[in-house]
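Dropping coords.txt in here (compact mmCIF, C-alpha atoms):
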# COMPACT_ATOMS: atom_id res chain seq x y z
CA GLN D 1 0.00 0.00 0.00
CA VAL D 2 1.42 3.38 -1.00
CA GLN D 3 2.06 5.72 1.89
CA LEU D 4 3.26 9.31 1.91
CA VAL D 5 4.65 10.56 5.20
CA GLU D 6 5.38 14.23 5.78
CA SER D 7 7.75 15.61 8.39
CA GLY D 8 9.40 18.86 9.40
CA GLY D 9 6.46 21.11 10.13
CA GLY D 10 6.36 23.34 13.16
CA LEU D 11 6.20 26.85 14.52
CA VAL D 12 8.42 29.56 13.11
CA LEU D 13 8.60 33.35 13.37
CA ALA D 14 7.73 35.48 10.39
CA GLY D 15 10.76 35.88 8.15
CA GLY D 16 12.13 32.53 9.18
CA SER D 17 12.71 29.34 7.24
CA LEU D 18 11.48 25.78 7.43
CA ARG D 19 11.99 22.67 5.33
CA ILE D 20 9.34 19.99 5.12
CA SER D 21 9.87 16.55 3.68
CA CYS D 22 7.76 13.77 2.25
CA ALA D 23 8.85 10.17 1.90
CA ALA D 24 6.88 7.64 -0.09
CA SER D 25 6.86 3.92 0.53
CA GLY D 26 5.01 0.79 -0.54
CA MET D 27 5.51 1.00 -4.29
CA PHE D 28 7.95 -0.20 -6.94
CA PHE D 29 7.56 2.66 -9.37
CA THR D 30 8.57 6.31 -9.57
CA PHE D 31 5.85 8.91 -9.36
CA ASN D 32 5.42 11.10 -12.44
CA THR D 33 4.63 14.16 -10.35
CA MET D 34 5.02 15.12 -6.73
CA GLY D 35 3.98 18.27 -5.01
CA TRP D 36 2.83 20.18 -2.01
CA TYR D 37 -0.63 21.56 -1.31
CA ARG D 38 -1.78 23.52 1.69
CA GLN D 39 -5.04 24.22 3.42
CA ALA D 40 -5.60 27.03 5.85
CA PRO D 41 -8.60 27.09 8.21
CA GLY D 42 -11.76 27.99 6.34
CA LYS D 43 -10.04 27.91 2.96
CA GLN D 44 -9.82 25.45 0.10
CA ARG D 45 -6.78 23.29 -0.42
CA GLU D 46 -4.43 24.96 -2.90
CA LEU D 47 -1.37 23.94 -4.87
CA VAL D 48 1.85 25.37 -3.48
CA ALA D 49 4.46 23.75 -5.70
CA GLY D 50 4.87 20.78 -8.00
CA ILE D 51 7.74 18.91 -9.60
CA SER D 52 7.75 16.47 -12.46
CA ARG D 53 9.79 13.35 -12.97
CA GLY D 54 12.07 15.45 -15.19
CA ASP D 55 12.45 18.05 -12.42
CA ASN D 56 10.30 20.69 -14.05
CA THR D 57 8.77 22.83 -11.32
CA ASN D 58 5.80 25.12 -10.90
CA TYR D 59 4.80 27.38 -8.02
CA ALA D 60 1.82 29.32 -6.79
CA ASP D 61 2.34 33.02 -7.38
CA SER D 62 2.15 33.66 -3.65
CA VAL D 63 5.28 31.59 -2.94
CA LYS D 64 7.44 32.24 -6.01
CA GLY D 65 10.90 33.38 -5.03
CA ARG D 66 10.43 32.20 -1.43
CA PHE D 67 9.77 28.45 -1.69
CA THR D 68 11.78 25.80 -3.50
CA ILE D 69 10.60 22.30 -4.27
CA SER D 70 13.04 19.49 -4.96
CA ARG D 71 13.15 15.72 -5.20
CA GLY D 72 15.60 13.45 -3.47
CA ASN D 73 17.96 11.12 -5.22
CA ALA D 74 15.49 8.31 -4.66
CA LYS D 75 12.96 10.35 -6.66
CA ASN D 76 10.14 9.27 -4.39
CA THR D 77 11.03 11.84 -1.78
CA VAL D 78 10.15 15.49 -2.11
CA TYR D 79 11.15 18.54 -0.12
CA LEU D 80 9.83 22.04 0.24
CA GLN D 81 12.28 24.68 1.41
CA MET D 82 10.31 27.65 2.69
CA ASN D 83 12.10 30.96 3.25
CA SER D 84 10.86 34.40 4.23
CA LEU D 85 7.79 32.84 5.77
CA LYS D 86 4.73 34.98 6.35
CA PRO D 87 1.79 34.51 8.73
CA GLU D 88 -0.41 33.85 5.69
CA ASP D 89 1.67 30.75 4.95
CA THR D 90 0.17 29.15 8.04
CA ALA D 91 -1.63 25.99 6.97
CA VAL D 92 -1.56 22.23 6.95
CA TYR D 93 0.79 21.20 4.16
CA TYR D 94 -0.02 18.02 2.28
CA CYS D 95 2.28 15.94 0.14
CA ASN D 96 0.80 14.77 -3.16
CA ALA D 97 2.07 12.24 -5.67
CA GLY D 98 0.69 11.00 -8.95
CA ARG D 99 1.23 8.27 -11.51
CA GLY D 100 -1.23 7.92 -14.34
CA SER D 101 -4.73 8.30 -12.95
CA ALA D 102 -3.66 7.40 -9.42
CA VAL D 103 -3.21 10.20 -6.91
CA TYR D 104 -1.91 9.80 -3.39
CA TRP D 105 -1.98 12.10 -0.39
CA GLY D 106 -0.11 12.30 2.86
CA GLN D 107 -1.71 13.04 6.22
CA GLY D 108 -0.38 16.57 6.34
CA THR D 109 2.03 18.53 8.51
CA GLN D 110 1.16 21.75 10.31
CA VAL D 111 3.17 24.87 9.55
CA THR D 112 2.48 27.86 11.76
CA VAL D 113 4.09 31.24 11.16
CA SER D 114 3.72 33.70 13.97
CA SER D 115 4.14 37.44 13.74

Starting from the file, lay out its structure as structure tokens.
Amino acid sequence: QVQLVESGGGLVLAGGSLRISCAASGMFFTFNTMGWYRQAPGKQRELVAGISRGDNTNYADSVKGRFTISRGNAKNTVYLQMNSLKPEDTAVYYCNAGRGSAVYWGQGTQVTVSS
């Protein structure tokens, strides 16, 4: 059974940095796409950043220039380096991975940015 496990969330002051990670297990294939979504209280889940198997990346406008997504050497791990964090970045961050029509989600990790 495919599992995505996030780690690295926490509390950080505005302007600070945090790196969150996602490790996938339970499969014998490489995901075509991996990414990070976030959901703040009372808001819809939104795409933060995505990365393809060929390492092409895309970002939400709100995080461009501040966040960087990358994949590990194993290709089924994904990281999100978050710099210059703002209180509005506070949310539960979810790891997402896809292959064909199959989409997988992690349980989420809380990121809280205090002012």

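Nearest to Asn76 (chain D) of all the residues D:Val92, D:Ala40, D:Ala97, D:Val113 is D:Ala97, based on all atoms listed in the file.
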
Might you pull out every residue within 9 Å of Thr33 (chain D), with only C-alpha atoms counted and same-chain residues fewer than 4 positions away left off, and present them as a JSON list (two decimals) with C-alpha atoms, in the frame of the given file?
[["chain", "number", "residue", "atom", "x", "y", "z"],
["D", 50, "GLY", "CA", 4.87, 20.78, -8.00],
["D", 51, "ILE", "CA", 7.74, 18.91, -9.60],
["D", 52, "SER", "CA", 7.75, 16.47, -12.46],
["D", 53, "ARG", "CA", 9.79, 13.35, -12.97],
["D", 54, "GLY", "CA", 12.07, 15.45, -15.19],
["D", 55, "ASP", "CA", 12.45, 18.05, -12.42],
["D", 96, "ASN", "CA", 0.80, 14.77, -3.16],
["D", 97, "ALA", "CA", 2.07, 12.24, -5.67],
["D", 98, "GLY", "CA", 0.69, 11.00, -8.95],
["D", 99, "ARG", "CA", 1.23, 8.27, -11.51]]

* For Ala74 (chain D): contacts at 10 Å, all atoms listed in the file, fewer than 5 positions along chain excluded, given as a ChimeraX atom specification -> /D:23-24,30

Box for region 40-55 of chain D: with edges along x, y and z, all listed atoms inside and 5 Å added on each side, what are the centre and edge lengths in Å to one decimal, as JSON?
{"center_x": 0.3, "center_y": 20.7, "center_z": -3.5, "size_x": 34.2, "size_y": 24.6, "size_z": 33.4}

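Remark: for Ala49 (chain D), the closest of the candidate residues D:Phe29, D:Gly65, D:Arg71, D:Leu80 is D:Leu80 (distances computed over only C-alpha atoms).
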
In terms of all atoms listed in the file, the residue from D:Gly8, D:Gly108, D:Gln44, D:Met34 at minimal distance from Asn56 (chain D) is D:Met34

Requested in this report: With a distance cut-off of 8 Å and only C-alpha atoms, select the neighbouring residues of region 104-107 of chain D, excluding the residue or stretch itself and same-chain residues fewer than 3 positions from it, and output the selection as a list in words.
Outcome: Val2, Gln3, Leu4, Val5, Glu6, Tyr94, Cys95, Asn96, Ala97 and Gly98 of chain D

Residues within 9 Å of Gly10 (chain D), please, as a PDB file with C-alpha atoms, in the coordinates of the input. Count all atoms listed in the file; anything in the same chain fewer than 6 positions from it doesn't count.
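Written out: result_33.pdb:
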ATOM      1  CA  LEU D  18      11.480  25.780   7.430  1.00  0.00           C
ATOM      2  CA  THR D 109       2.030  18.530   8.510  1.00  0.00           C
ATOM      3  CA  GLN D 110       1.160  21.750  10.310  1.00  0.00           C
ATOM      4  CA  VAL D 111       3.170  24.870   9.550  1.00  0.00           C
ATOM      5  CA  THR D 112       2.480  27.860  11.760  1.00  0.00           C
ATOM      6  CA  VAL D 113       4.090  31.240  11.160  1.00  0.00           C
TER       7      VAL D 113
END

Protein/DNA/RNA residues near (8.8, 19.3, 2.2), cut 7 Å, all atoms listed in the file, as a list of chain:residue names
D:Arg19, D:Ile20, D:Ser21, D:Cys22, D:Val78, D:Tyr79, D:Leu80, D:Gln81

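For the set D:Tyr59, D:Ser114, D:Arg45, D:Gly15, the residue with the smallest atom-to-atom gap to Thr90 (chain D) is D:Ser114, counting all atoms listed in the file.
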
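If you look at CA of Gln1 (chain D) and CA of Gly35 (chain D), they are 19.4 Å away from each other.
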
Between CA of Ala14 (chain D) and CA of Ser115 (chain D) lies a distance of 5.3 Å
